[in-house]
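Below: model25.csv (CSV, C-alpha atoms and all ligand atoms)
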chain,number,residue,atom,x,y,z
A,1,MET,CA,98.7,78.4,68.6
A,2,PRO,CA,96.9,80.1,71.4
A,3,GLU,CA,98.9,80.9,74.5
A,4,LEU,CA,98.6,78.5,77.5
A,5,LEU,CA,98.3,81.3,80.0
A,6,GLN,CA,96.6,84.6,79.2
A,7,VAL,CA,96.5,87.3,81.8
A,8,GLU,CA,94.4,90.3,80.8
A,9,LYS,CA,94.1,93.6,82.6
A,10,LEU,CA,94.5,92.0,86.0
A,11,SER,CA,94.1,94.1,89.1
A,12,ALA,CA,94.3,92.5,92.5
A,13,GLY,CA,95.4,93.0,96.1
A,14,TYR,CA,94.5,92.4,99.7
A,15,GLY,CA,91.0,93.4,100.9
A,16,GLU,CA,90.4,96.9,99.5
A,17,ALA,CA,94.0,97.5,98.8
A,18,VAL,CA,95.0,97.2,95.1
A,19,VAL,CA,98.6,96.0,94.6
A,20,LEU,CA,98.5,94.9,91.0
A,21,ASN,CA,97.2,97.3,88.4
A,22,ASP,CA,96.2,96.4,84.8
A,23,VAL,CA,98.7,93.5,84.4
A,24,SER,CA,98.6,91.7,81.1
A,25,PHE,CA,101.0,89.0,79.7
A,26,ALA,CA,100.9,85.6,78.2
A,27,ILE,CA,103.0,82.3,78.1
A,28,GLY,CA,102.9,79.4,75.7
A,29,GLN,CA,103.1,75.8,76.5
A,30,GLY,CA,106.7,74.7,77.5
A,31,GLN,CA,107.8,78.3,78.0
A,32,THR,CA,109.4,79.8,81.1
A,33,LEU,CA,108.8,83.4,82.2
A,34,ALA,CA,111.1,85.3,84.5
A,35,LEU,CA,109.1,87.6,86.7
A,36,LEU,CA,111.4,90.3,88.0
A,37,GLY,CA,111.2,93.5,89.9
A,38,ARG,CA,112.6,95.3,93.0
A,39,ASN,CA,111.4,94.4,96.5
A,40,GLY,CA,107.7,95.0,97.1
A,41,THR,CA,106.7,95.6,93.5
A,42,GLY,CA,104.0,92.9,93.5
A,43,LYS,CA,105.7,89.7,92.2
A,44,THR,CA,104.5,87.5,95.0
A,45,THR,CA,101.1,89.1,94.8
A,46,LEU,CA,100.9,88.2,91.1
A,47,ILE,CA,101.9,84.6,91.8
A,48,ASN,CA,99.4,84.4,94.7
A,49,THR,CA,96.7,85.9,92.4
A,50,LEU,CA,97.3,83.2,89.8
A,51,ALA,CA,97.0,80.6,92.6
A,52,GLY,CA,93.8,82.2,93.9
A,53,ALA,CA,95.2,83.5,97.2
A,54,THR,CA,94.5,87.2,96.9
A,55,ARG,CA,91.4,89.3,96.1
A,56,ARG,CA,91.0,90.0,92.3
A,57,HIS,CA,89.4,93.4,91.6
A,58,ALA,CA,89.3,93.2,87.8
A,59,GLY,CA,90.6,91.4,84.8
A,60,SER,CA,90.9,87.8,83.7
A,61,ILE,CA,93.2,84.7,83.8
A,62,SER,CA,92.8,82.0,81.3
A,63,LEU,CA,94.8,78.7,81.5
A,64,GLY,CA,94.4,76.3,78.6
A,65,GLY,CA,91.0,77.9,77.9
A,66,ILE,CA,89.7,77.6,81.5
A,67,ALA,CA,88.6,80.9,83.2
A,68,LEU,CA,90.9,80.4,86.2
A,69,HIS,CA,89.9,83.6,87.9
A,70,LYS,CA,86.4,82.1,88.4
A,71,LEU,CA,87.7,79.1,90.4
A,72,PRO,CA,88.4,79.1,94.1
A,73,SER,CA,92.0,78.5,95.2
A,74,HIS,CA,91.4,74.8,96.1
A,75,GLU,CA,90.2,74.1,92.6
A,76,ARG,CA,93.1,75.6,90.8
A,77,ALA,CA,95.5,72.6,91.2
A,78,GLY,CA,92.9,70.5,89.3
A,79,ALA,CA,92.8,73.2,86.6
A,80,GLY,CA,96.6,72.9,86.1
A,81,ILE,CA,98.4,75.1,88.6
A,82,GLY,CA,101.4,73.7,90.5
A,83,TRP,CA,102.3,76.3,93.1
A,84,VAL,CA,105.6,76.5,95.0
A,85,PRO,CA,105.0,79.4,97.5
A,86,GLN,CA,107.8,81.5,98.9
A,87,GLU,CA,107.3,79.8,102.3
A,88,ARG,CA,107.5,76.3,100.7
A,89,ASN,CA,104.7,75.1,102.9
A,90,ILE,CA,105.7,71.5,103.0
A,91,PHE,CA,103.9,69.3,105.6
A,92,LYS,CA,106.6,69.2,108.3
A,93,SER,CA,105.1,66.4,110.4
A,94,LEU,CA,104.8,64.1,107.3
A,95,THR,CA,107.6,62.2,105.7
A,96,VAL,CA,109.0,63.1,102.2
A,97,HIS,CA,107.0,60.3,100.7
A,98,GLU,CA,103.8,61.2,102.5
A,99,ASN,CA,104.2,64.8,101.4
A,100,LEU,CA,104.3,63.7,97.8
A,101,SER,CA,101.5,61.1,98.0
A,102,ALA,CA,99.2,63.4,99.9
A,103,VAL,CA,98.8,65.7,96.9
A,104,ALA,CA,99.5,63.5,93.9
A,105,ARG,CA,97.1,63.4,91.0
A,106,PRO,CA,97.1,61.0,88.0
A,107,GLY,CA,99.6,61.9,85.2
A,108,PRO,CA,103.1,61.4,84.1
A,109,TRP,CA,104.7,62.9,87.3
A,110,THR,CA,104.9,60.3,90.1
A,111,ALA,CA,106.9,60.2,93.3
A,112,GLU,CA,109.3,57.9,91.6
A,113,ARG,CA,110.0,60.4,88.8
A,114,VAL,CA,110.5,63.1,91.4
A,115,TYR,CA,113.1,60.8,93.1
A,116,GLN,CA,114.8,60.4,89.8
A,117,MET,CA,115.0,64.1,89.3
A,118,PHE,CA,116.1,64.7,92.9
A,119,PRO,CA,118.1,61.7,94.2
A,120,ARG,CA,118.6,63.5,97.5
A,121,LEU,CA,114.9,63.2,98.1
A,122,ALA,CA,115.0,59.5,97.4
A,123,GLU,CA,117.6,59.1,100.2
A,124,ARG,CA,115.3,61.1,102.5
A,125,LYS,CA,112.1,59.3,101.6
A,126,ASN,CA,111.2,58.3,105.1
A,127,ASN,CA,112.5,61.5,106.8
A,128,LEU,CA,110.1,64.0,108.3
A,129,GLY,CA,109.8,67.5,106.8
A,130,THR,CA,111.4,68.8,110.0
A,131,GLN,CA,114.5,66.7,109.3
A,132,LEU,CA,115.3,68.2,105.9
A,133,SER,CA,117.8,70.9,105.0
A,134,GLY,CA,116.5,74.1,103.3
A,135,GLY,CA,117.6,72.8,99.9
A,136,GLU,CA,115.9,69.5,100.4
A,137,GLN,CA,112.7,71.3,101.5
A,138,GLN,CA,112.8,73.3,98.3
A,139,MET,CA,113.3,70.2,96.2
A,140,LEU,CA,110.3,68.6,98.0
A,141,ALA,CA,108.2,71.8,97.4
A,142,VAL,CA,109.0,71.5,93.7
A,143,GLY,CA,108.3,67.8,93.7
A,144,ARG,CA,105.0,68.3,95.4
A,145,ALA,CA,104.0,70.8,92.8
A,146,LEU,CA,105.0,68.3,90.0
A,147,VAL,CA,103.0,65.3,91.3
A,148,VAL,CA,99.9,67.5,91.0
A,149,ASN,CA,100.7,67.1,87.2
A,150,PRO,CA,100.2,70.8,86.4
A,151,LYS,CA,100.3,72.7,83.1
A,152,LEU,CA,101.9,75.7,84.8
A,153,LEU,CA,104.4,75.8,87.6
A,154,LEU,CA,104.6,78.9,89.8
A,155,LEU,CA,107.9,79.2,91.6
A,156,ASP,CA,108.3,82.0,94.0
A,157,GLU,CA,112.0,82.7,94.8
A,158,PRO,CA,112.9,79.0,94.6
A,159,LEU,CA,116.6,79.7,95.0
A,160,GLU,CA,116.4,82.1,98.0
A,161,GLY,CA,118.8,81.3,100.8
A,162,LEU,CA,120.2,78.1,99.2
A,163,ALA,CA,123.8,77.0,98.8
A,164,PRO,CA,125.4,77.5,95.4
A,165,ILE,CA,125.6,73.7,94.7
A,166,ILE,CA,121.9,73.3,95.5
A,167,VAL,CA,121.0,76.4,93.4
A,168,ALA,CA,122.8,74.7,90.4
A,169,GLU,CA,121.0,71.5,91.0
A,170,LEU,CA,117.6,73.2,91.2
A,171,LEU,CA,118.2,75.3,88.1
A,172,LYS,CA,119.1,72.2,86.1
A,173,ALA,CA,116.0,70.5,87.3
A,174,ILE,CA,113.7,73.4,86.5
A,175,HIS,CA,115.3,73.7,83.0
A,176,ARG,CA,114.7,70.0,82.4
A,177,ILE,CA,111.2,70.1,83.6
A,178,THR,CA,110.3,73.0,81.2
A,179,SER,CA,112.5,72.2,78.2
A,180,GLU,CA,112.0,68.4,78.1
A,181,GLU,CA,108.6,68.0,79.7
A,182,GLY,CA,106.6,70.7,78.1
A,183,LEU,CA,105.5,72.4,81.3
A,184,ALA,CA,105.3,76.1,81.5
A,185,ALA,CA,106.7,78.0,84.4
A,186,ILE,CA,106.8,81.4,86.0
A,187,ILE,CA,109.8,82.0,88.2
A,188,VAL,CA,110.2,85.0,90.6
A,189,GLU,CA,113.7,86.0,91.4
A,190,GLN,CA,115.5,89.0,92.9
A,191,HIS,CA,118.8,88.1,91.2
A,192,PRO,CA,117.8,87.6,87.6
A,193,GLN,CA,120.8,86.4,85.5
A,194,ALA,CA,120.5,82.7,86.2
A,195,ILE,CA,116.8,82.7,85.7
A,196,LEU,CA,116.9,84.8,82.5
A,197,ARG,CA,119.3,82.3,81.1
A,198,ILE,CA,116.8,79.5,81.3
A,199,SER,CA,113.7,81.6,80.4
A,200,HIS,CA,112.0,82.5,77.2
A,201,ARG,CA,110.1,85.6,78.3
A,202,ALA,CA,110.6,88.3,81.0
A,203,VAL,CA,108.2,90.6,82.7
A,204,VAL,CA,109.3,93.3,85.1
A,205,LEU,CA,107.0,94.8,87.6
A,206,ASP,CA,107.2,98.2,89.3
A,207,ARG,CA,104.7,99.4,91.8
A,208,GLY,CA,102.3,96.7,90.6
A,209,THR,CA,102.4,97.4,86.9
A,210,VAL,CA,104.3,95.9,84.0
A,211,VAL,CA,107.1,98.2,83.1
A,212,HIS,CA,108.9,95.8,80.7
A,213,SER,CA,107.8,92.7,78.8
A,214,GLY,CA,109.8,90.8,76.2
A,215,SER,CA,112.4,88.2,75.3
A,216,ALA,CA,114.4,87.0,78.3
A,217,HIS,CA,117.6,86.6,76.2
A,218,GLU,CA,117.3,90.2,74.8
A,219,LEU,CA,117.0,91.5,78.4
A,220,LEU,CA,120.0,89.4,79.5
A,221,ALA,CA,122.0,90.9,76.6
A,222,ALA,CA,121.0,94.5,77.7
A,223,PRO,CA,122.6,94.9,81.2
A,224,GLU,CA,122.0,98.7,81.2
A,225,LEU,CA,118.3,98.2,80.7
A,226,LEU,CA,118.3,95.5,83.3
A,227,ASP,CA,120.1,97.8,85.7
A,228,ARG,CA,117.6,100.6,85.1
A,229,LEU,CA,114.6,98.3,85.5
A,230,LEU,CA,115.9,96.6,88.7
A,231,GLY,CA,118.1,99.2,90.2
A,232,VAL,CA,120.6,98.2,92.8
A,233,ALA,CA,118.8,95.0,93.7
A,234,ARG,CA,120.7,93.2,90.8
A,301,LIG,N1,99.0,90.1,103.0
A,301,LIG,C1,99.2,91.4,102.6
A,301,LIG,N2,98.3,92.3,103.0
A,301,LIG,C2,98.4,93.6,102.6
A,301,LIG,N3,99.4,94.0,101.8
A,301,LIG,C3,100.3,93.2,101.4
A,301,LIG,C4,100.2,91.8,101.8
A,301,LIG,N4,101.3,91.1,101.2
A,301,LIG,C5,102.0,92.1,100.5
A,301,LIG,N5,101.4,93.3,100.6
A,301,LIG,C6,101.8,94.5,100.0
A,301,LIG,O1,101.8,94.3,98.6
A,301,LIG,C7,102.9,95.0,98.0
A,301,LIG,C8,103.6,94.0,97.1
A,301,LIG,O2,104.2,93.0,97.9
A,301,LIG,P1,104.7,91.6,97.2
A,301,LIG,O3,105.1,90.7,98.3
A,301,LIG,O4,103.8,91.1,96.2
A,301,LIG,O5,106.0,92.2,96.4
A,301,LIG,P2,107.3,91.4,95.9
A,301,LIG,O6,107.6,92.0,94.6
A,301,LIG,O7,107.0,89.9,95.9
A,301,LIG,O8,108.4,91.7,97.0
A,301,LIG,P3,109.6,90.8,97.6
A,301,LIG,O9,110.5,90.8,96.4
A,301,LIG,O10,110.1,91.6,98.7
A,301,LIG,O11,109.0,89.5,98.0
A,301,LIG,C9,103.8,95.6,99.1
A,301,LIG,O12,103.5,96.9,99.2
A,301,LIG,C10,103.3,94.8,100.3
A,301,LIG,O13,103.4,95.6,101.5
Mind converting the file's structure to structure tokens?
Ligand SMILES: Nc1ncnc2c1ncn2[C@@H]1O[C@H](COP(=O)(O)OP(=O)(O)OP(=O)(O)O)[C@@H](O)[C@H]1O
Amino acid sequence: MPELLQVEKLSAGYGEAVVLNDVSFAIGQGQTLALLGRNGTGKTTLINTLAGATRRHAGSISLGGIALHKLPSHERAGAGIGWVPQERNIFKSLTVHENLSAVARPGPWTAERVYQMFPRLAERKNNLGTQLSGGEQQMLAVGRALVVNPKLLLLDEPLEGLAPIIVAELLKAIHRITSEEGLAAIIVEQHPQAILRISHRAVVLDRGTVVHSGSAHELLAAPELLDRLLGVAR
């Protein structure tokens, strides 16, 4: 079966500056990829490039046979990208429910299903974005990406700064979304163990290039290699 996402020889950055160099990898439907690397190695730039928010210098991105790299950022949701940026970017002056309905597209994921997945959000349905805790904002950011009904979820450091109980809740939800619902996901994390446990594949970046690509479980079982690839950040 062809891969859902195929990234080939991608180079991208900001203006003239090239941050990513010759990056290639692939993910199948329903698979999760852990995108790892030290600070400043280009993980966010890669996520942003898939979402169309950087300048692509060379290479291609194909999602379900669509040449994603040819589409402007605002058309990528329609092509199957659900993006949860590092800053979360929820609409703070809208309620939880308005945040979800503002971006919803037809498909199996509805606001009601998001509320089933995150009961805390159901309780906060009529609260404004400004009234949510960090964990609730992150759940809303994930919910907002889901109601777009994407093929591929992009999650940029979704666990950063959250309390352990919320981290556990989000990890469970992300695992359910991918393992039971057939959605593919790319998850960026600085602290890899929890993410590697729920991932199929792993890609490690260093200075904008892929320095390791393979099975997530094999990498998890090789702590020395992981240490070498990620250094003290682990
Ligand atoms: N808007 C920007 N304009 C110019 N350069 C940028 C911009 N954003 C990031 N960079 C540069 O791109 C490089 C990669 O940054 P990026 O944020 O992609 O790394 P990262 O691996 O996600 O890091 P972190 O783990 O710290 O979030 C860095 O050298 C950074 O300074």
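In terms of minimum interatomic distance to Leu155 (chain A), A:Ile186 ranks closest within A:Leu10, A:Leu121, A:Ile186, A:Leu140, counting only C-alpha atoms.
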request  = Counting only C-alpha atoms and all ligand atoms, figure out which residue out of A:Gln31, A:Asn21, A:Gln193, A:Asn149 gets nearest to ligand LIG 301 (chain A).
outcome  =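 Smallest distance to ligand LIG 301 (chain A) is found for A:Asn21.
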Using all atoms listed in the file, tabulate the residues of chain A lying at most 9 Å from any atom of ligand LIG 301 (chain A), each with its closest atom pair and that distance in Å to one decimal, by chain and increasing residue number, as a tab-separated table.
residue	atom	partner	partner_atom	distance
A:Gly13	CA	A:LIG301	O1	7.0
A:Tyr14	CA	A:LIG301	C2	5.0
A:Gly15	CA	A:LIG301	C2	7.6
A:Ala17	CA	A:LIG301	C2	7.0
A:Val18	CA	A:LIG301	O1	8.2
A:Val19	CA	A:LIG301	O1	5.4
A:Leu20	CA	A:LIG301	C8	8.0
A:Leu36	CA	A:LIG301	O6	7.8
A:Gly37	CA	A:LIG301	O6	6.1
A:Arg38	CA	A:LIG301	O9	6.0
A:Asn39	CA	A:LIG301	O9	3.7
A:Gly40	CA	A:LIG301	O5	3.3
A:Thr41	CA	A:LIG301	O6	3.9
A:Gly42	CA	A:LIG301	O4	3.3
A:Lys43	CA	A:LIG301	O6	3.8
A:Thr44	CA	A:LIG301	O7	3.6
A:Thr45	CA	A:LIG301	O4	3.6
A:Leu46	CA	A:LIG301	O4	6.5
A:Ile47	CA	A:LIG301	O4	8.1
A:Asn48	CA	A:LIG301	O4	8.2
A:Thr54	CA	A:LIG301	N1	8.1
A:Gln86	CA	A:LIG301	O11	8.1
A:Asp156	CA	A:LIG301	O7	8.2
A:Glu157	CA	A:LIG301	O11	8.1
A:Val188	CA	A:LIG301	O7	7.9
A:Glu189	CA	A:LIG301	O9	7.6
A:Gln190	CA	A:LIG301	O9	6.4
A:Leu205	CA	A:LIG301	O6	7.6
A:Asp206	CA	A:LIG301	O6	8.2
A:Arg207	CA	A:LIG301	C8	7.6
A:Gly208	CA	A:LIG301	C8	7.2
Kindly assemble as a Markdown table a list of the region 118-206 of chain A residues that lie within 8 Å of region 91-111 of chain A, each paired with its nearest atom pair and their distance in Å to one decimal, using only C-alpha atoms, sorted first by chain and then by ascending residue number.
| residue | atom | partner | partner_atom | distance |
| --- | --- | --- | --- | --- |
| A:Leu121 | CA | A:Val96 | CA | 7.2 |
| A:Arg124 | CA | A:Val96 | CA | 6.6 |
| A:Lys125 | CA | A:Val96 | CA | 4.9 |
| A:Asn126 | CA | A:Thr95 | CA | 5.3 |
| A:Asn127 | CA | A:Thr95 | CA | 5.1 |
| A:Leu128 | CA | A:Thr95 | CA | 4.0 |
| A:Gly129 | CA | A:Lys92 | CA | 3.9 |
| A:Thr130 | CA | A:Lys92 | CA | 5.1 |
| A:Leu140 | CA | A:Val96 | CA | 7.0 |
| A:Gly143 | CA | A:Leu100 | CA | 7.0 |
| A:Arg144 | CA | A:Leu100 | CA | 5.2 |
| A:Leu146 | CA | A:Trp109 | CA | 6.0 |
| A:Val147 | CA | A:Ala104 | CA | 4.7 |
| A:Val148 | CA | A:Ala104 | CA | 5.0 |
| A:Asn149 | CA | A:Gly107 | CA | 5.7 |
Could you produce a table of the residues of region 93-201 of chain A lying within 7 Å of region 214-226 of chain A, with the nearest pair of atoms per residue and their separation in Å rounded to one decimal, using only C-alpha atoms, ordered by chain and increasing residue number, as a tab-separated table?
residue	atom	partner	partner_atom	distance
A:Gln193	CA	A:Leu220	CA	6.8
A:Leu196	CA	A:Ala216	CA	5.4
A:Arg197	CA	A:His217	CA	6.7
A:Ser199	CA	A:Ala216	CA	5.8
A:His200	CA	A:Ala216	CA	5.2
A:Arg201	CA	A:Ala216	CA	4.5
ask   = Using only C-alpha atoms, which of A:Leu5, A:Ala51, A:Ile27, A:Leu152 sits nearest Ile66 (chain A)?
value =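 Using only C-alpha atoms, Ile66 (chain A) sits closest to A:Leu5.
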Sort by chain and increasing residue number a table of all residues of region 56-147 of chain A within 10 Å of region 166-176 of chain A, each with its closest pair of atoms and their distance in Å to one decimal, counting only C-alpha atoms, and write it as a tab-separated table.
residue	atom	partner	partner_atom	distance
A:Met117	CA	A:Ala173	CA	6.8
A:Phe118	CA	A:Ala173	CA	8.1
A:Gly134	CA	A:Ile166	CA	9.5
A:Gly135	CA	A:Ile166	CA	6.2
A:Glu136	CA	A:Ile166	CA	8.6
A:Gln138	CA	A:Leu170	CA	8.6
A:Met139	CA	A:Leu170	CA	7.2
A:Val142	CA	A:Ile174	CA	8.8
query = By how many Å are CA of His69 (chain A) and CA of Ile90 (chain A) apart?
reply =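 Taking CA of His69 (chain A) and CA of Ile90 (chain A), their separation equals 25.0 Å.
Each of A:Pro85, A:Gly52, A:Pro192, A:Gly231 was checked against Ala145 (chain A) using all atoms listed in the file; the smallest atom-to-atom distance is that of A:Pro85.
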key: For CA of Arg88 (chain A) and CA of Leu4 (chain A), the interatomic separation in Å (one decimal)   = 24.9 Å
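Each of A:Leu50, A:Ala202, A:Ala185, A:Val210 was checked against Lys151 (chain A) using all atoms listed in the file; the smallest atom-to-atom distance is that of A:Ala185.
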key: Who sits within 8 Å of Gln6 (chain A), all atoms listed in the file, same chain under 3 positions skipped, as a PyMOL selection string   = chain A and resi 3+24-27+60-63
request  = Please measure the separation of CA of Leu153 (chain A) and CA of Gly78 (chain A), giving the value in Å to one decimal.
outcome  =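 That distance, rounded to one decimal, is 12.8 Å.
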inquiry  = Restricting the calculation to only C-alpha atoms: of A:Leu159, A:Leu71, A:Ala79, A:Leu229, which residue gets closest to Ile195 (chain A)?
reply    = A:Leu159
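Omitting Asp22 (chain A) and its sequence neighbours fewer than 5 positions away, and counting only C-alpha atoms, the residues within 9 Å are Glu8, Lys9, Leu10, Ser11, Ala12, Ala58, Gly59, Gly208, Thr209 and Val210 of chain A.
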For region 126-139 of chain A, take all atoms listed in the file, fit an axis-aligned box around them, add 3 Å to each of the six sides, then output centre and edge lengths in Å rounded to one decimal, as AutoDock Vina command-line options.
--center_x 113.8 --center_y 66.2 --center_z 103.1 --size_x 14.0 --size_y 21.8 --size_z 19.8
